[in-house]
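Everything on this sheet refers to the single structure shown next.
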Amino acid sequence: MNNLTSRANVILANSLSVLAICAGLLFITTLHIKVEPKFDLKINKVQVRHQPDHMSGKRDYLDLALVNYNLAVDMTDSFHWNVKMIFLYLVAEYTNEDNAVNQVVLWDKIVMRGDNPLVDVKNMRTKYSFFDDGSHLRDENVTISLHWNVVPNAGLLPNIRGAKHLSEILPSTYSY
């Protein structure tokens, strides 16, 4: 009964229990802390193009929006003892007659603890293609906002939308 494996089992079980309690306490101590990076977003130029659909194999045309923007994010106050990294992403959201909600990720960046907490991009084009599944982007009202996920050492993974957002009406004519 008191052999080596049972003693190792007791030590391991107690150690894991203590680690779980410490992780829970770490999570509880950071529940009240809000992670809200300061950011400034400015749209410089927006174009809409009518592109052939090469992805689905159909001979249709899709609308492609090209967005140039400036984005400055300051996350110096956002990192505390329970933040491992912050995942930032810029989202364009719009509605049309086919879909009630359309969301497209335009840009993203992972900022790890110890990295430079300042993100400053000027005259940046979208990192990912801003396609519509039809020809619905012309003259459409698009809301662009910054979202972020806080990846903790222990606890919940919140998805947060920034309070500031921009509404932009896309051009009514195609540019080639």
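We name chains A, B, ... following the order of the structure tokens; residues begin at 1 in each chain, and ligands are numbered from 1 as shown.
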Task: Selection near region 62-64 of chain A, 6 Å with only C-alpha atoms, sequence-local residues under 6 positions removed, as a list in words - done: Val48, Arg49, His50, Gln51, Asp53, Phe130, Phe131, Asp132, Gly134 and Ser135 of chain A
TODO: Determine, counting only C-alpha atoms, which protein, DNA and RNA residues have an atom within 9 Å of an atom of Thr30 (chain A); residues of the same chain fewer than 5 positions away are not included. Present the result as an NGL selection string.
DONE: :A and (25 or 80-82 or 155)
Take the residues just selected and output them with all heavy atoms as a PDB file, in the first residue's frame.
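Result file follows (out07.pdb):
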```pdb
ATOM      1  N   LEU A  25      -7.048  31.280  -8.675  1.00  0.00           N
ATOM      2  CA  LEU A  25      -6.847  32.548  -7.968  1.00  0.00           C
ATOM      3  C   LEU A  25      -6.278  33.620  -8.893  1.00  0.00           C
ATOM      4  O   LEU A  25      -6.657  34.793  -8.812  1.00  0.00           O
ATOM      5  CB  LEU A  25      -5.935  32.348  -6.761  1.00  0.00           C
ATOM      6  CG  LEU A  25      -6.534  31.547  -5.596  1.00  0.00           C
ATOM      7  CD1 LEU A  25      -5.484  31.286  -4.534  1.00  0.00           C
ATOM      8  CD2 LEU A  25      -7.727  32.276  -5.026  1.00  0.00           C
ATOM      9  N   HIS A  80      -1.064  42.867 -18.272  1.00  0.00           N
ATOM     10  CA  HIS A  80      -0.887  42.692 -16.830  1.00  0.00           C
ATOM     11  C   HIS A  80      -0.450  41.250 -16.581  1.00  0.00           C
ATOM     12  O   HIS A  80      -0.125  40.531 -17.524  1.00  0.00           O
ATOM     13  CB  HIS A  80      -2.156  43.076 -16.047  1.00  0.00           C
ATOM     14  CG  HIS A  80      -3.401  42.388 -16.510  1.00  0.00           C
ATOM     15  ND1 HIS A  80      -3.660  41.082 -16.227  1.00  0.00           N
ATOM     16  CD2 HIS A  80      -4.433  42.827 -17.256  1.00  0.00           C
ATOM     17  CE1 HIS A  80      -4.817  40.729 -16.748  1.00  0.00           C
ATOM     18  NE2 HIS A  80      -5.307  41.779 -17.397  1.00  0.00           N
ATOM     19  N   TRP A  81      -0.412  40.815 -15.329  1.00  0.00           N
ATOM     20  CA  TRP A  81       0.198  39.536 -14.993  1.00  0.00           C
ATOM     21  C   TRP A  81      -0.533  38.327 -15.562  1.00  0.00           C
ATOM     22  O   TRP A  81       0.003  37.230 -15.574  1.00  0.00           O
ATOM     23  CB  TRP A  81       0.334  39.385 -13.475  1.00  0.00           C
ATOM     24  CG  TRP A  81      -0.959  39.506 -12.734  1.00  0.00           C
ATOM     25  CD1 TRP A  81      -1.833  38.506 -12.429  1.00  0.00           C
ATOM     26  CD2 TRP A  81      -1.525  40.686 -12.204  1.00  0.00           C
ATOM     27  NE1 TRP A  81      -2.907  38.988 -11.756  1.00  0.00           N
ATOM     28  CE2 TRP A  81      -2.748  40.350 -11.592  1.00  0.00           C
ATOM     29  CE3 TRP A  81      -1.134  42.025 -12.169  1.00  0.00           C
ATOM     30  CZ2 TRP A  81      -3.562  41.272 -10.977  1.00  0.00           C
ATOM     31  CZ3 TRP A  81      -1.954  42.945 -11.554  1.00  0.00           C
ATOM     32  CH2 TRP A  81      -3.141  42.564 -10.962  1.00  0.00           C
ATOM     33  N   ASN A  82      -1.756  38.486 -16.072  1.00  0.00           N
ATOM     34  CA  ASN A  82      -2.487  37.339 -16.611  1.00  0.00           C
ATOM     35  C   ASN A  82      -2.691  37.433 -18.129  1.00  0.00           C
ATOM     36  O   ASN A  82      -3.481  36.707 -18.684  1.00  0.00           O
ATOM     37  CB  ASN A  82      -3.843  37.197 -15.913  1.00  0.00           C
ATOM     38  CG  ASN A  82      -4.483  35.856 -16.168  1.00  0.00           C
ATOM     39  OD1 ASN A  82      -3.823  34.883 -16.467  1.00  0.00           O
ATOM     40  ND2 ASN A  82      -5.798  35.808 -16.067  1.00  0.00           N
ATOM     41  N   GLY A 155      -7.931  31.432 -17.436  1.00  0.00           N
ATOM     42  CA  GLY A 155      -9.218  32.115 -17.405  1.00  0.00           C
ATOM     43  C   GLY A 155      -9.914  32.140 -18.752  1.00  0.00           C
ATOM     44  O   GLY A 155      -9.605  31.367 -19.654  1.00  0.00           O
TER      45      GLY A 155
END
```
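Look at Thr126 (chain A): the protein and nucleic acid residues within 8 Å of it, using only C-alpha atoms and passing over chain neighbours fewer than 2 places away, are Leu66, Val67, Asn68, Leu106, Trp107, Met124, Tyr128, Ser129 and Phe130 of chain A.
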Save the residues we just selected, N, CA, C and O atoms, as a PDB file, in the first residue's frame?
```
ATOM      1  N   LEU A  66     -11.136  47.616 -51.959  1.00  0.00           N
ATOM      2  CA  LEU A  66      -9.754  47.886 -51.576  1.00  0.00           C
ATOM      3  C   LEU A  66      -9.769  49.074 -50.633  1.00  0.00           C
ATOM      4  O   LEU A  66     -10.217  50.160 -50.992  1.00  0.00           O
ATOM      5  N   VAL A  67      -9.298  48.860 -49.422  1.00  0.00           N
ATOM      6  CA  VAL A  67      -9.351  49.883 -48.380  1.00  0.00           C
ATOM      7  C   VAL A  67      -7.928  50.215 -47.949  1.00  0.00           C
ATOM      8  O   VAL A  67      -7.160  49.318 -47.612  1.00  0.00           O
ATOM      9  N   ASN A  68      -7.585  51.499 -47.959  1.00  0.00           N
ATOM     10  CA  ASN A  68      -6.322  51.985 -47.400  1.00  0.00           C
ATOM     11  C   ASN A  68      -6.645  52.722 -46.106  1.00  0.00           C
ATOM     12  O   ASN A  68      -7.563  53.553 -46.075  1.00  0.00           O
ATOM     13  N   LEU A 106     -10.198  42.321 -42.178  1.00  0.00           N
ATOM     14  CA  LEU A 106      -9.335  43.046 -43.109  1.00  0.00           C
ATOM     15  C   LEU A 106      -7.857  42.932 -42.747  1.00  0.00           C
ATOM     16  O   LEU A 106      -6.992  42.955 -43.619  1.00  0.00           O
ATOM     17  N   TRP A 107      -7.560  42.856 -41.460  1.00  0.00           N
ATOM     18  CA  TRP A 107      -6.170  42.884 -40.991  1.00  0.00           C
ATOM     19  C   TRP A 107      -6.132  42.226 -39.621  1.00  0.00           C
ATOM     20  O   TRP A 107      -7.100  42.271 -38.852  1.00  0.00           O
ATOM     21  N   MET A 124      -1.965  51.550 -45.047  1.00  0.00           N
ATOM     22  CA  MET A 124      -1.938  50.097 -45.173  1.00  0.00           C
ATOM     23  C   MET A 124      -3.126  49.624 -45.997  1.00  0.00           C
ATOM     24  O   MET A 124      -4.230  50.105 -45.815  1.00  0.00           O
ATOM     25  N   TYR A 128      -6.249  40.909 -45.975  1.00  0.00           N
ATOM     26  CA  TYR A 128      -7.081  39.854 -46.538  1.00  0.00           C
ATOM     27  C   TYR A 128      -8.066  40.477 -47.522  1.00  0.00           C
ATOM     28  O   TYR A 128      -8.479  41.613 -47.367  1.00  0.00           O
ATOM     29  N   SER A 129      -8.463  39.721 -48.531  1.00  0.00           N
ATOM     30  CA  SER A 129      -9.361  40.235 -49.567  1.00  0.00           C
ATOM     31  C   SER A 129     -10.740  40.523 -49.006  1.00  0.00           C
ATOM     32  O   SER A 129     -11.306  39.718 -48.261  1.00  0.00           O
ATOM     33  N   PHE A 130     -11.269  41.655 -49.369  1.00  0.00           N
ATOM     34  CA  PHE A 130     -12.599  42.088 -48.939  1.00  0.00           C
ATOM     35  C   PHE A 130     -13.562  41.834 -50.105  1.00  0.00           C
ATOM     36  O   PHE A 130     -13.894  42.713 -50.860  1.00  0.00           O
TER      37      PHE A 130
END
```
Open item on the list: With only C-alpha atoms as the counted atoms, please give the residues lying no more than 12 Å from His147 (chain A), apart from itself and same-chain residues fewer than 3 positions off, as a VMD selection string.
Closed with: chain A and resid 35 to 39 73 86 to 93 103 to 109 144 150 158 to 165
How would the residues just chosen look if you wrote them out with N, CA, C and O atoms as a compact mmCIF listing (two decimals), in the first residue's frame?
```
# COMPACT_ATOMS: atom_id res chain seq x y z
N VAL A 35 -9.13 45.28 -20.32
CA VAL A 35 -8.05 45.44 -21.30
C VAL A 35 -8.62 46.22 -22.47
O VAL A 35 -9.39 45.69 -23.27
N GLU A 36 -8.30 47.51 -22.51
CA GLU A 36 -8.81 48.38 -23.56
C GLU A 36 -7.66 49.19 -24.14
O GLU A 36 -7.32 50.25 -23.61
N PRO A 37 -7.05 48.71 -25.22
CA PRO A 37 -5.98 49.49 -25.83
C PRO A 37 -6.51 50.79 -26.42
O PRO A 37 -7.65 50.86 -26.88
N LYS A 38 -5.68 51.81 -26.40
CA LYS A 38 -6.04 53.08 -27.03
C LYS A 38 -5.70 52.96 -28.51
O LYS A 38 -4.62 52.51 -28.87
N PHE A 39 -6.65 53.36 -29.38
CA PHE A 39 -6.39 53.23 -30.81
C PHE A 39 -7.02 54.38 -31.58
O PHE A 39 -7.97 55.03 -31.12
N VAL A 73 -2.30 51.79 -32.56
CA VAL A 73 -2.80 51.11 -31.36
C VAL A 73 -1.72 51.17 -30.29
O VAL A 73 -0.57 50.84 -30.54
N ILE A 86 -2.19 39.43 -27.03
CA ILE A 86 -3.42 40.07 -27.49
C ILE A 86 -3.48 39.89 -29.00
O ILE A 86 -2.51 40.17 -29.72
N PHE A 87 -4.62 39.41 -29.46
CA PHE A 87 -4.85 39.21 -30.89
C PHE A 87 -5.75 40.34 -31.38
O PHE A 87 -6.91 40.44 -30.99
N LEU A 88 -5.20 41.23 -32.21
CA LEU A 88 -5.94 42.37 -32.76
C LEU A 88 -6.42 42.03 -34.16
O LEU A 88 -5.70 41.40 -34.93
N TYR A 89 -7.64 42.47 -34.49
CA TYR A 89 -8.10 42.31 -35.86
C TYR A 89 -9.11 43.39 -36.21
O TYR A 89 -9.89 43.84 -35.39
N LEU A 90 -9.03 43.82 -37.47
CA LEU A 90 -9.88 44.88 -38.00
C LEU A 90 -11.00 44.22 -38.81
O LEU A 90 -10.73 43.40 -39.68
N VAL A 91 -12.25 44.58 -38.51
CA VAL A 91 -13.41 43.93 -39.12
C VAL A 91 -14.26 44.95 -39.86
O VAL A 91 -14.52 46.04 -39.34
N ALA A 92 -14.67 44.59 -41.08
CA ALA A 92 -15.65 45.37 -41.84
C ALA A 92 -16.97 44.63 -41.76
O ALA A 92 -17.05 43.43 -42.00
N GLU A 93 -18.03 45.36 -41.41
CA GLU A 93 -19.35 44.75 -41.24
C GLU A 93 -20.37 45.54 -42.06
O GLU A 93 -20.38 46.76 -42.04
N GLN A 103 -19.51 39.93 -42.15
CA GLN A 103 -18.32 40.39 -41.46
C GLN A 103 -17.09 39.86 -42.20
O GLN A 103 -17.02 38.66 -42.50
N VAL A 104 -16.15 40.76 -42.47
CA VAL A 104 -14.93 40.41 -43.17
C VAL A 104 -13.74 40.92 -42.37
O VAL A 104 -13.72 42.09 -41.99
N VAL A 105 -12.78 40.06 -42.09
CA VAL A 105 -11.56 40.48 -41.40
C VAL A 105 -10.63 41.09 -42.44
O VAL A 105 -10.31 40.48 -43.45
N LEU A 106 -10.20 42.32 -42.18
CA LEU A 106 -9.34 43.05 -43.11
C LEU A 106 -7.86 42.93 -42.75
O LEU A 106 -6.99 42.95 -43.62
N TRP A 107 -7.56 42.86 -41.46
CA TRP A 107 -6.17 42.88 -40.99
C TRP A 107 -6.13 42.23 -39.62
O TRP A 107 -7.10 42.27 -38.85
N ASP A 108 -5.00 41.61 -39.27
CA ASP A 108 -4.84 41.06 -37.92
C ASP A 108 -3.38 41.12 -37.52
O ASP A 108 -2.49 41.25 -38.35
N LYS A 109 -3.16 41.03 -36.22
CA LYS A 109 -1.80 41.03 -35.67
C LYS A 109 -1.84 40.42 -34.28
O LYS A 109 -2.75 40.69 -33.50
N ILE A 144 -16.35 49.82 -39.98
CA ILE A 144 -15.04 49.22 -39.73
C ILE A 144 -14.68 49.45 -38.27
O ILE A 144 -14.73 50.58 -37.78
N VAL A 150 -8.08 38.78 -25.80
CA VAL A 150 -7.03 38.74 -24.78
C VAL A 150 -6.80 37.28 -24.43
O VAL A 150 -7.71 36.59 -23.97
N PRO A 158 -11.88 36.44 -23.72
CA PRO A 158 -12.93 37.37 -24.15
C PRO A 158 -12.68 37.89 -25.57
O PRO A 158 -11.55 38.06 -26.00
N ASN A 159 -13.78 38.11 -26.28
CA ASN A 159 -13.76 38.74 -27.60
C ASN A 159 -14.34 40.14 -27.42
O ASN A 159 -15.52 40.28 -27.10
N ILE A 160 -13.54 41.18 -27.62
CA ILE A 160 -13.94 42.55 -27.30
C ILE A 160 -13.96 43.38 -28.56
O ILE A 160 -13.03 43.32 -29.37
N ARG A 161 -15.01 44.17 -28.72
CA ARG A 161 -15.11 45.12 -29.84
C ARG A 161 -14.82 46.50 -29.28
O ARG A 161 -15.39 46.91 -28.27
N GLY A 162 -13.95 47.23 -29.97
CA GLY A 162 -13.61 48.58 -29.54
C GLY A 162 -14.82 49.51 -29.60
O GLY A 162 -15.72 49.34 -30.43
N ALA A 163 -14.84 50.48 -28.73
CA ALA A 163 -15.97 51.41 -28.67
C ALA A 163 -16.01 52.32 -29.89
O ALA A 163 -17.08 52.71 -30.35
N LYS A 164 -14.83 52.66 -30.42
CA LYS A 164 -14.78 53.54 -31.60
C LYS A 164 -14.86 52.69 -32.86
O LYS A 164 -14.25 51.64 -32.95
N HIS A 165 -15.64 53.18 -33.82
CA HIS A 165 -15.71 52.53 -35.12
C HIS A 165 -15.99 53.59 -36.18
O HIS A 165 -16.45 54.69 -35.87
```
TODO: Calculate how many Å separate CA of Leu137 (chain A) from CA of Ala65 (chain A), rounding to one decimal.
DONE: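 Between CA of Leu137 (chain A) and CA of Ala65 (chain A) the gap is 7.4 Å.
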Open item on the list: Using DSSP assignments from the backbone, pull out every residue in chain A that falls under helix (DSSP H, G or I) and give it to me as a PyMOL selection string.
Closed with: chain A and resi 4-29
Task: Asn96 (chain A) surroundings by only C-alpha atoms, 7 Å radius, close-in-sequence under 3 positions cut, as number ranges by chain - done: A: 99-100, 136
Output file for the residues above (C-alpha atoms, as a short mmCIF file (atom, residue, chain, number, x, y, z; two decimals), in the first residue's frame):
```
data_model
loop_
_atom_site.label_atom_id
_atom_site.label_comp_id
_atom_site.auth_asym_id
_atom_site.auth_seq_id
_atom_site.Cartn_x
_atom_site.Cartn_y
_atom_site.Cartn_z
CA ASN A 99 -27.42 38.33 -45.73
CA ALA A 100 -28.43 40.13 -42.56
CA HIS A 136 -23.52 44.10 -53.35
#
```
